[in-house]
Amino acid sequence: MDKPDEMMSGSRYLAQALREYGVSHVFMVPTVAVPALTAMDDLGIVGVMTHGEKAAAYMADGYARASRRPGICMAQTIGAANLAAGLRDAYMASSPVIAITGGTRPSSRYRHVYQEVEDFPLYEPVTKFNAHVDDVGRLPDLLRQAFREATTGAAGPVHLEVQGIQAELLANEFSVDDSTGPLAEMRFAQVPPFRPTPEDAFIRQALDLLSSARRPIVIAGGGSVWSDAGAELRELARLLMMPVATSLNGKGSIDEDDPLAVGVVGSYSRASANQAVGEADLVFFVGSHTGSQVTDQWRLPSFGTPVIQLDIDARELGRNYPNAVSLHGDAKVTLRRMIELARPVTDRHGWLETVVGYVQRWRASQRPRLDSSDAPIRPERLCKEITQALPDDGILVSDTGHAGIWTGSMIDLRPGQSFLRCAGSLGWAFPASLGAKCAQPDRSVVCFTGDGGFYYHLAELETAARYGLNAVVVVNNNRSLSQDMKVFRTASDGSSRTDPMWVFQEIDLARIASDLGCASLRVTSAEDIGGALKEAIGMGKPVVVDVATDMFAFPDPPFGGRDFYDSAP
């Protein structure tokens with residue numbers, strides 16, 4: 001870019017810096033930093049105005065996960081608390097989102113200024129870095145620090161509170177000279193900016209254990225995806241004859257038709273993966289924290305099973321299991337070094353045959369539901385059709401709850417496809433899919449959500465139509481929050497009197513989508529799903545596929561078999 005002027009406004013500086021970092025979209029609810037948004041528009045950065053601050057944060061999160069680059073969201077002070085709530089999912093999923101909000105002024109505090117509340121503390125639990133910008137001259141170094149914090153180690157959200165309800169401090173000018181530093185540090189424009197490698201001595205210790213174990217297994221997490229370590233993961237697994245399970249965040253790290261793939265492990269899972277991890281005598285976590293979901297409340301692996309853990313965040317090493325070996329490093333380069341130092345293993349055919357048997361039996365048990373022509377439609381059949389319809393470069397974005405279980409367990413991904421999953425905030429998937437489409441406009445983006453999740457941010461259909469964000473939203477419409485059925489019916493001794501707490505009215509969501517400017521299709525027959533998905537993906541416009549599914553169709557529990565859900569009327 002041209003050498004900057006001696007004096008520059010904070011608004012212009014912010015716009016030029018974001019362009020240098022490669023930011024293409026900024027997500028916000030007005031009005032905040034309007035002169036900066038105007039300057040961004042002049043530079044080709046699209047300001048996406050949403051209908052809610054949480055949706056703006058979710059869009060920035062989807063953008064970040066789809067691009068592995070920081071996503072930017074903004075709000076004025078009255079919306080800052082909502083924006084903070086929207087960062088919770090990015091924080092749980094280690095996603096690099098940068099939130100910029102207006103903030104209080106020292107001269108106005110404690111005087112009941114209209115709409116003014118001290119929101120800054122709300123960001124402490126959901127960010128890696130939370131800073132005030134009280135002097136426009138500090139904008140350059142604090143913005144660079146925000147990008148550094150967001151992308152280094154385990155990525156995560158950060159927050160800059162700019163003084164003024166609408167961040168008016170940015171209107172001030174400051175001197176830009178050699179002491180100001182660069183507009184952008186391009187190393188921190190994407191994840192990961194650094195790829196540390198453990199010492200060879202520790203890698204050899206890990207390889208010795210992996211080679212001597214009789215039944216080792218790999219659990220690949222979100223860190224393997226952020227690191228783009230799929231090829232290395234598959235190569236090491238073949239070299240050492242180790243099956244591979246994934247967390248939900250790690251889904252897609254291995255072709256799910258690969259003989260070594262056993263599926264998603266934990267509580268939102270395939271029984272085959274849980275069986276395999278339960279039988280393993282050594283578990284190798286790659287870029288995965290050992291939290292409650294991936295371990296099914298720390299039952300997989302059971303305590304006493306030796307664990308090796310590789311993570312770019314040293315704080316995670318040994319957090320929930322006493323590691324036999326801890327490897328502090330980036331997944332891609334560490335696995336590559338392990339491949340270089342490893343000796344092939346050739347004597348694990350029995351273990352692999354056992355694991356393949358788990359997968360085959362699981363697939364056989366699910367086949368009747370995957371092929372079902374029942375009406376209302378089985379969600380498993382919907383998932384089978386998505387597996388077949390998703391393009392080779394498709395991005396599948398999934399909500400949490402049953403949506404996470406269905407997509408995690410029933411949809412098979414192949415190399416070239418991506419899976420972005422909600423880390424726990426129901427309603428995340430639809431706005432996140434719009435952000436993903438902004439980041440990857442040439443790839444097909446398919447969102448899978450239930451009607452309960454879709455209702456959270458239904459208004460963003462208008463946003464999708466206004467900006468031409470051509471995601472395909474598949475709604476598993478069972479007229480309910482069916483995952484809550486057991487809770488309420490148990491509390492009422494099996495009575496239906498609590499049904500209004502989880503059962504919705506029968507609503508034609510396709511018609512609502514049409515009224516809000518999007519294309520729409522309504523599917524009531526299983527035989528029509530495939531054609532509808534193919535049509536929707538080919539439309540080149542935002543489209544909702546409203547699929548009428550069975551309210552009483554429930555996923556299997558983590559270890560297979562059926563329970564209370566199957567006895568529901």
# chains A, B, ... in the order shown; residues from 1 in each chain; ligands from 1

$ select_by_dssp --residues "region 105-313 of chain A" --states "strand (DSSP E)" --output "number ranges by chain"
A: 129-133, 158-163, 173-175, 216-220, 244-246, 261-264, 282-286, 307-311

$ select_by_dssp --residues "region 73-255 of chain A" --states "helix (DSSP H, G or I)" --output "ChimeraX atom specification"
/A:77-92,120-126,136-151,168-171,178-180,186-189,200-212,222-226,230-240

$ residues_around --residues "Ile72 (chain A)" --least-positions-apart "3" --cutoff "9 Å" --atoms "only C-alpha atoms" --output "ChimeraX atom specification"
/A:23,25-28,56-57,59-61,63-64,96-100

$ write_last_selection --atoms "N, CA and C atoms" --output "PDB file, in the first residue's frame"
ATOM      1  N   VAL A  23      -8.885  -9.513   5.755  1.00  0.00           N
ATOM      2  CA  VAL A  23     -10.279  -9.628   6.172  1.00  0.00           C
ATOM      3  C   VAL A  23     -11.182  -9.217   5.016  1.00  0.00           C
ATOM      4  N   HIS A  25     -14.867  -9.685   5.299  1.00  0.00           N
ATOM      5  CA  HIS A  25     -16.184  -9.351   5.826  1.00  0.00           C
ATOM      6  C   HIS A  25     -16.068  -8.976   7.302  1.00  0.00           C
ATOM      7  N   VAL A  26     -16.924  -8.062   7.732  1.00  0.00           N
ATOM      8  CA  VAL A  26     -17.057  -7.693   9.137  1.00  0.00           C
ATOM      9  C   VAL A  26     -18.539  -7.804   9.480  1.00  0.00           C
ATOM     10  N   PHE A  27     -18.855  -8.423  10.612  1.00  0.00           N
ATOM     11  CA  PHE A  27     -20.237  -8.707  10.987  1.00  0.00           C
ATOM     12  C   PHE A  27     -20.617  -7.848  12.187  1.00  0.00           C
ATOM     13  N   MET A  28     -21.779  -7.166  12.092  1.00  0.00           N
ATOM     14  CA  MET A  28     -22.084  -6.216  13.156  1.00  0.00           C
ATOM     15  C   MET A  28     -23.569  -5.890  13.184  1.00  0.00           C
ATOM     16  N   ALA A  56     -24.165 -12.016  14.815  1.00  0.00           N
ATOM     17  CA  ALA A  56     -22.947 -11.433  14.256  1.00  0.00           C
ATOM     18  C   ALA A  56     -21.714 -12.175  14.751  1.00  0.00           C
ATOM     19  N   ALA A  57     -21.684 -12.497  16.048  1.00  0.00           N
ATOM     20  CA  ALA A  57     -20.556 -13.257  16.603  1.00  0.00           C
ATOM     21  C   ALA A  57     -20.487 -14.644  15.991  1.00  0.00           C
ATOM     22  N   MET A  59     -21.588 -15.561  13.033  1.00  0.00           N
ATOM     23  CA  MET A  59     -21.126 -15.450  11.649  1.00  0.00           C
ATOM     24  C   MET A  59     -19.616 -15.272  11.593  1.00  0.00           C
ATOM     25  N   ALA A  60     -19.081 -14.420  12.475  1.00  0.00           N
ATOM     26  CA  ALA A  60     -17.630 -14.240  12.521  1.00  0.00           C
ATOM     27  C   ALA A  60     -16.936 -15.549  12.878  1.00  0.00           C
ATOM     28  N   ASP A  61     -17.559 -16.330  13.745  1.00  0.00           N
ATOM     29  CA  ASP A  61     -17.007 -17.623  14.144  1.00  0.00           C
ATOM     30  C   ASP A  61     -17.011 -18.596  12.969  1.00  0.00           C
ATOM     31  N   TYR A  63     -17.020 -17.835   9.854  1.00  0.00           N
ATOM     32  CA  TYR A  63     -16.012 -17.301   8.927  1.00  0.00           C
ATOM     33  C   TYR A  63     -14.621 -17.770   9.340  1.00  0.00           C
ATOM     34  N   ALA A  64     -14.326 -17.652  10.636  1.00  0.00           N
ATOM     35  CA  ALA A  64     -12.998 -18.027  11.133  1.00  0.00           C
ATOM     36  C   ALA A  64     -12.737 -19.518  10.948  1.00  0.00           C
ATOM     37  N   PRO A  96     -10.672 -18.223  16.315  1.00  0.00           N
ATOM     38  CA  PRO A  96     -10.094 -16.876  16.423  1.00  0.00           C
ATOM     39  C   PRO A  96     -11.065 -15.780  15.974  1.00  0.00           C
ATOM     40  N   VAL A  97     -11.868 -15.291  16.888  1.00  0.00           N
ATOM     41  CA  VAL A  97     -12.819 -14.215  16.612  1.00  0.00           C
ATOM     42  C   VAL A  97     -12.356 -12.961  17.352  1.00  0.00           C
ATOM     43  N   ILE A  98     -12.355 -11.829  16.657  1.00  0.00           N
ATOM     44  CA  ILE A  98     -11.988 -10.555  17.260  1.00  0.00           C
ATOM     45  C   ILE A  98     -13.242  -9.699  17.366  1.00  0.00           C
ATOM     46  N   ALA A  99     -13.640  -9.389  18.592  1.00  0.00           N
ATOM     47  CA  ALA A  99     -14.816  -8.560  18.851  1.00  0.00           C
ATOM     48  C   ALA A  99     -14.370  -7.142  19.169  1.00  0.00           C
ATOM     49  N   ILE A 100     -15.007  -6.172  18.522  1.00  0.00           N
ATOM     50  CA  ILE A 100     -14.721  -4.758  18.756  1.00  0.00           C
ATOM     51  C   ILE A 100     -16.025  -4.093  19.174  1.00  0.00           C
TER      52      ILE A 100
END

$ residues_around --residues "Gly44 (chain A)" --least-positions-apart "6" --cutoff "12 Å" --atoms "only C-alpha atoms" --output "list in words"
Ala15, Gln16, Leu18, Arg19, Glu20, Gly22, Val23, Ser24, His25, Val26, Leu37 and Thr38 of chain A

$ atom_distance --atom1 "CA of Gly517 (chain A)" --atom2 "CA of Ala33 (chain A)"
28.3 Å

$ atom_distance --atom1 "CA of Gln205 (chain A)" --atom2 "CA of Leu310 (chain A)"
12.6 Å

$ closest_residue --among "A:Leu509, A:Val218, A:Val307, A:Ala167" --to "Ala36 (chain A)" --atoms "only C-alpha atoms"
A:Ala167

$ atom_distance --atom1 "CA of Leu170 (chain A)" --atom2 "CA of Ser94 (chain A)"
28.8 Å

$ residues_around --residues "Gly304 (chain A)" --least-positions-apart "2" --cutoff "10 Å" --atoms "only C-alpha atoms" --output "ChimeraX atom specification"
/A:281-282,301-302,306-307,321-322

$ residues_around --residues "region 323-327 of chain A" --least-positions-apart "4" --cutoff "9 Å" --atoms "only C-alpha atoms" --output "ChimeraX atom specification"
/A:197-199,202-203,205-206,209,306-312,314,317-319,334

$ residues_around --residues "Asp399 (chain A)" --least-positions-apart "6" --cutoff "12 Å" --atoms "only C-alpha atoms" --output "PyMOL selection string"
chain A and resi 58+62+89+248+405-408+419-433+446-454+456+473-476

$ write_last_selection --atoms "C-alpha atoms" --output "mmCIF file, in the first residue's frame"
data_model
loop_
_atom_site.group_PDB
_atom_site.id
_atom_site.type_symbol
_atom_site.label_atom_id
_atom_site.label_comp_id
_atom_site.auth_asym_id
_atom_site.auth_seq_id
_atom_site.Cartn_x
_atom_site.Cartn_y
_atom_site.Cartn_z
ATOM 1 C CA TYR A 58 -21.661 -16.632 15.225
ATOM 2 C CA GLY A 62 -18.188 -19.554 11.076
ATOM 3 C CA ASP A 89 -19.034 -20.958 21.308
ATOM 4 C CA LEU A 248 -16.770 -33.921 16.737
ATOM 5 C CA ILE A 405 -25.373 -36.476 17.153
ATOM 6 C CA TRP A 406 -27.037 -37.082 13.788
ATOM 7 C CA THR A 407 -24.349 -35.367 11.725
ATOM 8 C CA GLY A 408 -21.481 -36.681 13.834
ATOM 9 C CA PHE A 419 -17.230 -30.213 9.126
ATOM 10 C CA LEU A 420 -17.919 -27.228 11.382
ATOM 11 C CA ARG A 421 -19.804 -28.108 14.519
ATOM 12 C CA CYS A 422 -21.451 -26.083 17.217
ATOM 13 C CA ALA A 423 -19.488 -26.344 20.448
ATOM 14 C CA GLY A 424 -22.609 -26.109 22.579
ATOM 15 C CA SER A 425 -24.729 -23.013 21.800
ATOM 16 C CA LEU A 426 -27.995 -24.137 20.196
ATOM 17 C CA GLY A 427 -28.855 -21.925 17.232
ATOM 18 C CA TRP A 428 -25.211 -21.353 16.248
ATOM 19 C CA ALA A 429 -25.225 -23.333 13.011
ATOM 20 C CA PHE A 430 -27.420 -21.183 10.758
ATOM 21 C CA PRO A 431 -25.604 -17.856 11.319
ATOM 22 C CA ALA A 432 -22.252 -19.692 11.310
ATOM 23 C CA SER A 433 -23.072 -21.181 7.904
ATOM 24 C CA VAL A 446 -24.837 -26.954 3.874
ATOM 25 C CA CYS A 447 -26.214 -26.245 7.347
ATOM 26 C CA PHE A 448 -27.912 -28.993 9.368
ATOM 27 C CA THR A 449 -30.110 -27.752 12.181
ATOM 28 C CA GLY A 450 -33.308 -28.686 13.919
ATOM 29 C CA ASP A 451 -36.330 -26.441 14.004
ATOM 30 C CA GLY A 452 -35.551 -25.613 17.642
ATOM 31 C CA GLY A 453 -32.089 -24.365 16.703
ATOM 32 C CA PHE A 454 -33.348 -22.618 13.554
ATOM 33 C CA TYR A 456 -33.081 -18.806 17.440
ATOM 34 C CA VAL A 473 -30.117 -24.733 5.317
ATOM 35 C CA VAL A 474 -31.492 -28.214 5.938
ATOM 36 C CA VAL A 475 -33.993 -28.166 8.805
ATOM 37 C CA ASN A 476 -34.653 -31.436 10.600
#

$ closest_residue --among "A:Thr305, A:Ser211, A:Ser253, A:Thr180" --to "Met7 (chain A)" --atoms "only C-alpha atoms"
A:Thr180

$ closest_atom_pairs --of "region 24-117 of chain A" --to "region 124-146 of chain A" --cutoff "12 Å" --atoms "only C-alpha atoms" --output "CSV"
residue,atom,partner,partner_atom,distance
A:Pro70,CA,A:Ala146,CA,9.7
A:Gly71,CA,A:Ala146,CA,11.6
A:Ile72,CA,A:Ala146,CA,10.9
A:Ala81,CA,A:Val126,CA,11.6
A:Leu83,CA,A:Val126,CA,10.7
A:Ala84,CA,A:Val126,CA,7.3
A:Ala85,CA,A:Val126,CA,8.2
A:Gly86,CA,A:Val126,CA,9.2
A:Leu87,CA,A:Val126,CA,6.2
A:Arg88,CA,A:Val126,CA,5.5
A:Asp89,CA,A:Val126,CA,8.6
A:Ala90,CA,A:Val126,CA,8.2
A:Tyr91,CA,A:Val126,CA,5.6
A:Met92,CA,A:Val126,CA,8.3
A:Ala93,CA,A:Val126,CA,11.0
A:Ser94,CA,A:Lys128,CA,9.7
A:Ser95,CA,A:Thr127,CA,10.3
A:Pro96,CA,A:Lys128,CA,9.6
A:Val97,CA,A:Thr127,CA,9.1
A:Ile98,CA,A:Ala146,CA,7.0
A:Ala99,CA,A:Ala146,CA,9.4
A:Ile100,CA,A:Leu143,CA,9.9
A:Thr101,CA,A:His132,CA,9.8
A:Gly102,CA,A:Val133,CA,9.6
A:Gly103,CA,A:His132,CA,8.2
A:Thr104,CA,A:Asp134,CA,9.5
A:Arg105,CA,A:Asp134,CA,8.3
A:Pro106,CA,A:Asp134,CA,9.5

$ write_last_selection --atoms "C-alpha atoms" --output "PDB file, in the first residue's frame"
ATOM      1  CA  PRO A  70      -9.708 -14.317  12.339  1.00  0.00           C
ATOM      2  CA  GLY A  71     -13.347 -13.318  12.000  1.00  0.00           C
ATOM      3  CA  ILE A  72     -14.374  -9.781  13.012  1.00  0.00           C
ATOM      4  CA  ALA A  81     -23.399  -7.999  26.319  1.00  0.00           C
ATOM      5  CA  LEU A  83     -21.953  -9.965  21.516  1.00  0.00           C
ATOM      6  CA  ALA A  84     -20.080 -11.370  24.515  1.00  0.00           C
ATOM      7  CA  ALA A  85     -22.675 -14.145  24.802  1.00  0.00           C
ATOM      8  CA  GLY A  86     -22.026 -14.965  21.159  1.00  0.00           C
ATOM      9  CA  LEU A  87     -18.316 -15.517  21.833  1.00  0.00           C
ATOM     10  CA  ARG A  88     -18.980 -18.429  24.154  1.00  0.00           C
ATOM     11  CA  ASP A  89     -19.034 -20.958  21.308  1.00  0.00           C
ATOM     12  CA  ALA A  90     -15.885 -19.559  19.716  1.00  0.00           C
ATOM     13  CA  TYR A  91     -14.150 -19.802  23.086  1.00  0.00           C
ATOM     14  CA  MET A  92     -15.189 -23.428  23.583  1.00  0.00           C
ATOM     15  CA  ALA A  93     -14.148 -24.330  20.039  1.00  0.00           C
ATOM     16  CA  SER A  94     -10.834 -22.399  20.051  1.00  0.00           C
ATOM     17  CA  SER A  95     -11.899 -20.175  17.160  1.00  0.00           C
ATOM     18  CA  PRO A  96     -10.094 -16.876  16.423  1.00  0.00           C
ATOM     19  CA  VAL A  97     -12.819 -14.215  16.612  1.00  0.00           C
ATOM     20  CA  ILE A  98     -11.988 -10.555  17.260  1.00  0.00           C
ATOM     21  CA  ALA A  99     -14.816  -8.560  18.851  1.00  0.00           C
ATOM     22  CA  ILE A 100     -14.721  -4.758  18.756  1.00  0.00           C
ATOM     23  CA  THR A 101     -17.238  -2.825  20.828  1.00  0.00           C
ATOM     24  CA  GLY A 102     -17.956   0.660  22.013  1.00  0.00           C
ATOM     25  CA  GLY A 103     -17.215   1.396  25.647  1.00  0.00           C
ATOM     26  CA  THR A 104     -17.685   3.812  28.480  1.00  0.00           C
ATOM     27  CA  ARG A 105     -15.829   7.089  28.926  1.00  0.00           C
ATOM     28  CA  PRO A 106     -14.345   8.152  32.273  1.00  0.00           C
TER      29      PRO A 106
END

$ closest_residue --among "A:Glu53, A:Phe554, A:Ala536, A:Val445" --to "Lys486 (chain A)" --atoms "only C-alpha atoms"
A:Phe554
